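**Student:** Quick one: structure below, then a few questions.
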Amino acid sequence: MAVKRMDTGACPICGRALSRFTTHVTLKDDTKICRDCENKLRVKYPLSYYIRSRGTKRYRKDPLQELTLMEFLAELEGVKEYVEDLREKYGFNAVYQVEDITMEPNGWFDPPLIFAKGRVVYGFFDIGDKVRVVRRGVGVDAEIKGINRQFGEEQDIIDWEHRGEPGYPCDSIVFSQKDLIVAPGDIIVK
Amino acid sequence: MGIFGPYKCAYCGRTFHGFNWRIKNGRDICGDCKDILNKEMPYEKWHKMGITQIRAYFKEKERLEAQKECSLCGRPFGAADLYKFVLKDGAQICYSCGESVRIVRPVFCTEEYDSLKEKYSFASDDPLKEMTLDDVKAAQLEADTERRSRMDKFGPCKGAFIVDDVIRVPGEKDREVHRIWGRCVLGSASANSLAKVVRREKPYFIQIDRVEPLEYNKKAQVLSEGHGGALVASDDVSFIYSGDVLYFE
């Protein structure tokens, strides 16, 4: 048949289509849920990748797969309070925790590229966002030049035009700004 | 018979000369009938139909146009109706009656892929097409109960919108413009209005500039309950997260 439907059923939580284009989380009781419902709980159950010893292939670890549908629904009720606790703790709308820094030259006249590796704690980050790099309560204004994301089991980053979302491993946020210093332990906030 | 006829039109029955248009089974259609068919549907569709199918199409259209009132509320169909819904048993209901059950029977949006044309296109399943008039009446009662329970949950408000994602609109470098994707779960969300997000420390307000619905009339500036779409705002929206509820008052 020439025309094919590109969904594999409906999400049991919101009733919307499960698209073939995205990888869906399969919960412990074999229920598949849609990306939108999954994203709501990612801030509390982040994805991670690990490499086994003497290997180069990355394996995905998804804590959401340990939940049943009823447990998922119960967690969904409480995730708003979880985010409010984080907001109270940090005092900002969005926070990115910097874990490591690498730098690359960026031509003769432009400031070097700073790759701030880490993870999004909560909130969203987009290219072009005006943020503050905060260290011990003191902040410096900066603009995000690029965002690298880790995808699937491939180690190579495909390109650096992505978003920083909570719960999804973010390889790095990229800055290119004169006199900007970013160090491990800093937080990037909005 | 020469290149320019004479041909006999399969639809109107008159004999004509000149250019002819072929439909299924090698039957010919005259220019006037071709113009009528082109107004109804694209050529790629009607030239594959047989004459019986074409006659059945126009008969059904005549039957639908003959009904001037909604089968449910009795209100005459007017210019205010976006369009009418035709149910499984042939009954027609107005836009308002159809929309009143969307809270429990939302449109199922998906995509289709045509391997011959190598093209993806938007597709939707409207549950109203599989419902009879009695099913719609039962769904209206169900919708009233669901609406009441949601009003208890969200409180008195003009509209409640659940956020799925917040994405920066590309290309707008000097301004902070974002699309807030989600679904309207109660009431309606309209353009040029103020939306409120309740946080622990205080409520936050955002000005919604325009609305981009996923289904139906994409130019409409209102998102009604049961429908998904995006709200476009040029304010700071960094305090909005997936799962938040935007209240319209």
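Residues in the structure tokens are named by chain (A, B, ... in the order shown) and by number from 1 within that chain; ligands are numbered from 1 in the order shown.
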Taking only C-alpha atoms into account, which residues of chain A are within 9 Å of chain B, as number ranges by chain?

**Tutor:** A: 1-7, 10, 15-19, 36-37, 39-41, 76, 79-81, 83-84, 88, 92-94, 122-129, 163, 190

**Student:** I want to know what sits within 10 Å of region 11-16 of chain B, based on only C-alpha atoms, with residues of the same chain fewer than 4 positions away left out; could you give that as a list of chain:residue names?

**Tutor:** B:Phe4, B:Gly5, B:Pro6, B:Tyr7, B:Asn20, B:Arg27, B:Asp28, B:Ile29, B:Cys30, B:Gly31, B:Asp32, B:Cys33, B:Lys34, B:Ile51, B:Thr52, B:Ile54, B:Arg55

**Student:** Could you write out the selected residues, including C-alpha atoms, as a PDB file, in the first residue's frame?

**Tutor:**
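Output file result-v2.pdb follows:
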ATOM      1  CA  PHE B   4     -12.184  16.207 -31.643  1.00  0.00           C
ATOM      2  CA  GLY B   5     -15.258  14.052 -31.447  1.00  0.00           C
ATOM      3  CA  PRO B   6     -18.117  13.829 -31.485  1.00  0.00           C
ATOM      4  CA  TYR B   7     -18.043  12.493 -27.892  1.00  0.00           C
ATOM      5  CA  ASN B  20     -12.545  15.523 -23.877  1.00  0.00           C
ATOM      6  CA  ARG B  27     -15.750   7.289 -20.376  1.00  0.00           C
ATOM      7  CA  ASP B  28     -15.554  10.911 -21.557  1.00  0.00           C
ATOM      8  CA  ILE B  29     -16.488  14.130 -19.786  1.00  0.00           C
ATOM      9  CA  CYS B  30     -17.233  17.473 -21.480  1.00  0.00           C
ATOM     10  CA  GLY B  31     -15.534  20.762 -20.577  1.00  0.00           C
ATOM     11  CA  ASP B  32     -18.486  22.119 -18.561  1.00  0.00           C
ATOM     12  CA  CYS B  33     -18.733  18.986 -16.431  1.00  0.00           C
ATOM     13  CA  LYS B  34     -14.959  19.025 -16.034  1.00  0.00           C
ATOM     14  CA  ILE B  51     -19.462   7.630 -13.482  1.00  0.00           C
ATOM     15  CA  THR B  52     -21.450   5.780 -10.803  1.00  0.00           C
ATOM     16  CA  ILE B  54     -19.356  10.640  -9.465  1.00  0.00           C
ATOM     17  CA  ARG B  55     -23.162  10.528  -9.504  1.00  0.00           C
TER      18      ARG B  55
END

**Student:** Just asking: which residues within chain A are alpha helix (DSSP H) according to DSSP, as a PyMOL selection string?

**Tutor:** chain A and resi 35-42+69-90

**Student:** For CA of Ala142 (chain A) and CA of Asp100 (chain A), determine how far apart the two atoms are, in Å to one decimal place.

**Tutor:**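 Spanning CA of Ala142 (chain A) to CA of Asp100 (chain A) is a straight-line distance of 17.6 Å.
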
**Student:** With only C-alpha atoms as the counted atoms, please give the residues lying no more than 12 Å from Pro12 (chain A), apart from itself and same-chain residues fewer than 2 positions off, as a VMD selection string.

**Tutor:** chain A and resid 9 to 10 14 to 18 26 to 27 30 to 34 37 to 38 69 to 70 72 to 73

**Student:** Near Ile147 (chain A), counting only C-alpha atoms, which residues have an atom at most 9 Å away, once you skip same-chain residues fewer than 3 positions from it, shown as a PyMOL selection string?

**Tutor:** chain A and resi 115+125-127+144+159-164+170-174

**Student:** When you draw a straight line from CA of Val177 (chain B) to CA of Asp235 (chain B), how long is it in Å?

**Tutor:**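 Pair CA of Val177 (chain B) / CA of Asp235 (chain B) returns 6.9 Å.
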
**Student:** Please compute the CA of Phe58 (chain B)-CA of Gly98 (chain B) distance, one decimal, in Å.

**Tutor:**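 Atom-to-atom, CA of Phe58 (chain B) to CA of Gly98 (chain B), that is 24.3 Å.
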